[in-house]
Amino acid sequence: MTDSTSATPDYTIGFSESILQHLRRHTADTHAAHLLPYLKSGLRVLDLGCGPGTLSIGLAEAIAPGELYGVDMEPSQVDLARSIAEAGGYDNTTFQVGDVTELSFDDDSFDVVHGHSILAHVPDTQAVLVEAKRVLKPGGLVSIREWILEGSFLAPDFEIIGDAWSTLAELITADDGHPNIGRDLKRHLLEAGFTDVRPAASFTSYTTTDDVGYIARVIEGWFLSADVRASATAYGVATQQHLDNLEHALKRWMSHPSAFGAVAYGEVIAHKPQR
C-alpha cells in the first residue's frame with residue numbers, strides 16, 4: 001500500500017466520510033493546545049499534513065495577520081481546507097498539495113512548523129524532521145503531536161475491544177507507519193538536531209453520551225467498514241469472526257452507562273538552533 005515514488009505512504013486511515021467527519025472535529029483548541037501559548041500575531045506558520053484545515057484555521061487565527069501555510073498530500077483535503085478557510089474569511093491562509101519529505105519552501109522561511117498525526121504515517125521520520133528544520137528560521141519552533149495507540153482505550157473493554165487498537169496499530173505498521181511514535185518524539189527531535197526539546201503527553205477524551213456515540217460511529221463507519229475488514233484479513237491481522245466480535249462489543253460499549261474512551265498522544269515543542 002506504500003507509494004514507491006515517495007517517502008510519504010498511502011494514508012492508512014483513508015478518506016472515508018467517517019474519517020472526514022472525525023478530522024473536521026480537530027481544532028487548535030482540542031488538538032494543538034500545547035502550541036497555542038507560543039503563538040502570537042505576525043508569525044509565519046507551516047502546518048504539515050493539514051488535512052481539511054479545521055486545525056489550521058485555528059492556528060491562522062492565533063497568528064493573524066501572520067501567514068499560515070498548509071501542506072497535504074491529498075488534493076481533495078487541500079481543496080476542502082481552502083473552502084473552509086474561504087468560508088470563514090481566513091485570508092491569511094494558503095493551502096497546497098505537497099510531500100512533507102520534500103517541501104517546496106525556501107530555507108529559513110517559517111517561525112513555526114506544526115504537525116499533528118503526520119509522523120505516524122511516514123516511513124522516514126527523519127526525512128520529515130530534517131525538512132521541518134530546514135524551512136525553520138534559526139531559533140524557530142517545531143510542534144509535533146502523535147499517537148500512542150498502546151495507551152489508548154475504550155472502557156469497559158469487555159475483554160476484546162483492546163484488540164481493535166492492536167489491529168489498527170498492525171495495519172499502520174504494515175503500511176510502514178509508526179503507531180506509537182508519540183512516545184519516541186523526544187529521541188527523534190534530538191536526533192534531528194533540535195534543541196530545548198520539551199516532551200509531554202495528553203489524551204483526547206470521549207466522556208459524554210454524545211462523545212461516546214460519535215466515536216463509536218467513527219469506529220463502526222471506518223474500522224469496521226468492508227474496506228478495512230478486507231485489509232485486516234488480507235494482512236492476516238484479524239479474522240472476519242474476530243471483527244464481528246469486536247463490532248458486537250462496540251455496540252455494547254456505546255450503550256453502556258459507564259462508557260468512556262481516550263486516545264493517547266505524545267507531544268513535543270523544540271527549537272532549531274541559533275546560528
# chains A, B, ... in the order shown; residues from 1 in each chain; ligands from 1

$ residues_around --residues "A:His188" --least-positions-apart "2" --cutoff "12 Å" --atoms "only C-alpha atoms" --output "VMD selection string"
chain A and resid 119 124 to 130 144 181 to 186 190 to 195 197 199 267 to 268 270

$ residues_around --residues "A:His31" --least-positions-apart "6" --cutoff "8 Å" --atoms "only C-alpha atoms" --output "list in words"
Leu55, His116 and Thr204 of chain A

$ residues_around --residues "stretch 149-160 of chain A" --least-positions-apart "6" --cutoff "10 Å" --atoms "only C-alpha atoms" --output "ChimeraX atom specification"
/A:166,168-169,178-183,203-206,212,216,242,245-246,249-250,252-254,256-265

$ write_last_selection --atoms "N, CA, C and O atoms" --output "compact mmCIF listing (two decimals), in the first residue's frame"
# COMPACT_ATOMS: atom_id res chain seq x y z
N SER A 166 -4.86 -2.77 18.80
CA SER A 166 -3.74 -3.57 18.31
C SER A 166 -3.86 -3.82 16.81
O SER A 166 -2.87 -3.76 16.07
N LEU A 168 -5.45 -1.90 14.60
CA LEU A 168 -5.15 -0.64 13.92
C LEU A 168 -3.65 -0.41 13.87
O LEU A 168 -3.10 -0.01 12.83
N ALA A 169 -2.97 -0.67 14.98
CA ALA A 169 -1.51 -0.49 15.01
C ALA A 169 -0.82 -1.40 14.00
O ALA A 169 0.13 -0.99 13.31
N HIS A 178 4.13 4.25 11.99
CA HIS A 178 4.64 4.16 13.36
C HIS A 178 3.50 4.49 14.34
O HIS A 178 3.34 5.64 14.75
N PRO A 179 2.71 3.49 14.74
CA PRO A 179 1.50 3.75 15.52
C PRO A 179 1.73 4.24 16.94
O PRO A 179 0.80 4.75 17.57
N ASN A 180 2.95 4.11 17.46
CA ASN A 180 3.23 4.56 18.83
C ASN A 180 4.36 5.59 18.87
O ASN A 180 5.03 5.75 19.89
N ILE A 181 4.55 6.31 17.78
CA ILE A 181 5.70 7.21 17.69
C ILE A 181 5.61 8.37 18.69
O ILE A 181 6.62 8.98 19.02
N GLY A 182 4.42 8.62 19.21
CA GLY A 182 4.29 9.71 20.18
C GLY A 182 5.18 9.56 21.40
O GLY A 182 5.61 10.55 21.98
N ARG A 183 5.49 8.33 21.78
CA ARG A 183 6.32 8.12 22.97
C ARG A 183 7.81 8.32 22.67
O ARG A 183 8.63 8.42 23.60
N PHE A 203 -4.32 13.32 26.45
CA PHE A 203 -5.38 12.48 25.91
C PHE A 203 -6.43 13.35 25.23
O PHE A 203 -6.72 14.45 25.68
N THR A 204 -6.99 12.84 24.15
CA THR A 204 -8.24 13.36 23.64
C THR A 204 -9.32 12.41 24.12
O THR A 204 -9.33 11.23 23.75
N SER A 205 -10.22 12.91 24.96
CA SER A 205 -11.16 12.03 25.68
C SER A 205 -12.57 12.12 25.11
O SER A 205 -12.98 13.14 24.55
N TYR A 206 -13.29 11.03 25.28
CA TYR A 206 -14.69 10.92 24.86
C TYR A 206 -15.49 10.49 26.08
O TYR A 206 -15.42 9.33 26.50
N VAL A 212 -19.44 9.64 23.19
CA VAL A 212 -19.37 8.17 23.07
C VAL A 212 -20.06 7.71 21.79
O VAL A 212 -19.53 6.89 21.03
N ALA A 216 -18.03 6.03 18.57
CA ALA A 216 -18.48 4.69 18.20
C ALA A 216 -18.89 4.66 16.73
O ALA A 216 -18.59 3.69 16.01
N HIS A 242 -13.43 -12.47 14.28
CA HIS A 242 -12.95 -11.59 15.35
C HIS A 242 -13.47 -10.18 15.16
O HIS A 242 -13.85 -9.51 16.13
N ASN A 245 -16.95 -10.01 16.33
CA ASN A 245 -16.99 -9.95 17.79
C ASN A 245 -16.68 -8.56 18.30
O ASN A 245 -17.29 -8.08 19.27
N LEU A 246 -15.72 -7.89 17.64
CA LEU A 246 -15.40 -6.51 18.02
C LEU A 246 -16.60 -5.59 17.77
O LEU A 246 -16.89 -4.71 18.58
N ALA A 249 -19.07 -6.04 20.52
CA ALA A 249 -18.60 -5.41 21.76
C ALA A 249 -18.71 -3.90 21.68
O ALA A 249 -19.04 -3.23 22.67
N LEU A 250 -18.45 -3.34 20.52
CA LEU A 250 -18.56 -1.88 20.34
C LEU A 250 -19.99 -1.42 20.57
O LEU A 250 -20.23 -0.39 21.21
N ARG A 252 -22.17 -2.86 22.46
CA ARG A 252 -22.39 -2.94 23.91
C ARG A 252 -21.78 -1.74 24.60
O ARG A 252 -22.40 -1.13 25.49
N TRP A 253 -20.56 -1.38 24.18
CA TRP A 253 -19.86 -0.25 24.79
C TRP A 253 -20.63 1.04 24.60
O TRP A 253 -20.80 1.83 25.53
N MET A 254 -21.12 1.27 23.39
CA MET A 254 -21.79 2.53 23.06
C MET A 254 -23.02 2.77 23.95
O MET A 254 -23.33 3.90 24.30
N HIS A 256 -23.41 1.40 27.02
CA HIS A 256 -23.11 1.13 28.42
C HIS A 256 -23.06 2.44 29.21
O HIS A 256 -22.49 3.43 28.75
N PRO A 257 -23.67 2.50 30.41
CA PRO A 257 -23.72 3.76 31.16
C PRO A 257 -22.36 4.28 31.60
O PRO A 257 -22.20 5.49 31.84
N SER A 258 -21.35 3.40 31.70
CA SER A 258 -20.03 3.86 32.13
C SER A 258 -19.05 3.99 30.97
O SER A 258 -17.84 4.11 31.19
N ALA A 259 -19.54 4.00 29.74
CA ALA A 259 -18.67 4.08 28.57
C ALA A 259 -17.80 5.33 28.61
O ALA A 259 -18.27 6.44 28.86
N PHE A 260 -16.50 5.13 28.36
CA PHE A 260 -15.51 6.20 28.38
C PHE A 260 -14.35 5.77 27.50
O PHE A 260 -13.96 4.60 27.51
N GLY A 261 -13.81 6.69 26.73
CA GLY A 261 -12.68 6.36 25.88
C GLY A 261 -11.72 7.52 25.74
O GLY A 261 -12.09 8.67 25.98
N ALA A 262 -10.48 7.21 25.36
CA ALA A 262 -9.48 8.26 25.19
C ALA A 262 -8.39 7.77 24.25
O ALA A 262 -8.02 6.60 24.26
N VAL A 263 -7.89 8.70 23.44
CA VAL A 263 -6.76 8.45 22.54
C VAL A 263 -5.54 9.15 23.13
O VAL A 263 -5.60 10.35 23.45
N ALA A 264 -4.46 8.40 23.29
CA ALA A 264 -3.24 8.92 23.91
C ALA A 264 -2.32 9.53 22.85
O ALA A 264 -2.17 8.99 21.75
N TYR A 265 -1.70 10.64 23.20
CA TYR A 265 -0.77 11.34 22.31
C TYR A 265 0.50 11.73 23.06
O TYR A 265 0.45 12.11 24.24

$ residues_around --residues "A:Arg134" --least-positions-apart "5" --cutoff "9 Å" --atoms "only C-alpha atoms" --output "PyMOL selection string"
chain A and resi 106-109+129+272

$ atom_distance --atom1 "atom CA of A:Tyr38" --atom2 "atom CA of A:Glu146"
18.7 Å

$ closest_residue --among "A:Leu171, A:Ser104, A:Arg198, A:Leu48" --to "A:Ala230" --atoms "only C-alpha atoms"
A:Leu171

$ atom_distance --atom1 "atom CA of A:Ala85" --atom2 "atom CA of A:Val113"
19.0 Å

$ select_by_dssp --residues "stretch 171-236 of chain A" --states "strand (DSSP E)" --output "ChimeraX atom specification"
/A:195-206

$ closest_residue --among "A:Thr209, A:Asp175, A:Lys137, A:Gly236" --to "A:Pro273" --atoms "only C-alpha atoms"
A:Lys137

$ closest_residue --among "A:Gly115, A:Ala226, A:Gly49, A:Tyr235" --to "A:Arg145" --atoms "only C-alpha atoms"
A:Gly115

$ select_by_dssp --residues "stretch 98-140 of chain A" --states "alpha helix (DSSP H)" --output "ChimeraX atom specification"
/A:125-135

$ write_last_selection --atoms "N, CA, C and O atoms" --output "short mmCIF file (atom, residue, chain, number, x, y, z; two decimals), in the first residue's frame"
data_model
loop_
_atom_site.label_atom_id
_atom_site.label_comp_id
_atom_site.auth_asym_id
_atom_site.auth_seq_id
_atom_site.Cartn_x
_atom_site.Cartn_y
_atom_site.Cartn_z
N THR A 125 10.91 9.00 9.37
CA THR A 125 10.67 10.07 10.33
C THR A 125 11.68 11.20 10.19
O THR A 125 11.32 12.38 10.20
N GLN A 126 12.95 10.84 10.06
CA GLN A 126 13.99 11.86 10.00
C GLN A 126 13.86 12.73 8.74
O GLN A 126 14.20 13.91 8.77
N ALA A 127 13.37 12.16 7.64
CA ALA A 127 13.20 12.95 6.42
C ALA A 127 12.23 14.11 6.65
O ALA A 127 12.45 15.22 6.16
N VAL A 128 11.18 13.86 7.41
CA VAL A 128 10.22 14.93 7.72
C VAL A 128 10.85 15.97 8.63
O VAL A 128 10.74 17.18 8.41
N LEU A 129 11.54 15.50 9.68
CA LEU A 129 12.11 16.42 10.65
C LEU A 129 13.25 17.24 10.06
O LEU A 129 13.42 18.43 10.39
N VAL A 130 14.04 16.64 9.17
CA VAL A 130 15.11 17.39 8.50
C VAL A 130 14.52 18.51 7.66
O VAL A 130 15.04 19.63 7.64
N GLU A 131 13.43 18.23 6.95
CA GLU A 131 12.78 19.26 6.15
C GLU A 131 12.17 20.35 7.04
O GLU A 131 12.24 21.54 6.74
N ALA A 132 11.54 19.92 8.14
CA ALA A 132 10.98 20.91 9.07
C ALA A 132 12.07 21.83 9.60
O ALA A 132 11.89 23.05 9.68
N LYS A 133 13.20 21.24 9.94
CA LYS A 133 14.32 22.04 10.45
C LYS A 133 14.87 22.97 9.37
O LYS A 133 15.21 24.13 9.64
N ARG A 134 14.94 22.48 8.14
CA ARG A 134 15.48 23.30 7.04
C ARG A 134 14.66 24.56 6.81
O ARG A 134 15.21 25.65 6.62
N VAL A 135 13.32 24.42 6.81
CA VAL A 135 12.47 25.58 6.48
C VAL A 135 12.24 26.50 7.67
O VAL A 135 11.72 27.61 7.49
#

$ atom_distance --atom1 "atom CA of A:Ser76" --atom2 "atom CA of A:Glu102"
19.7 Å
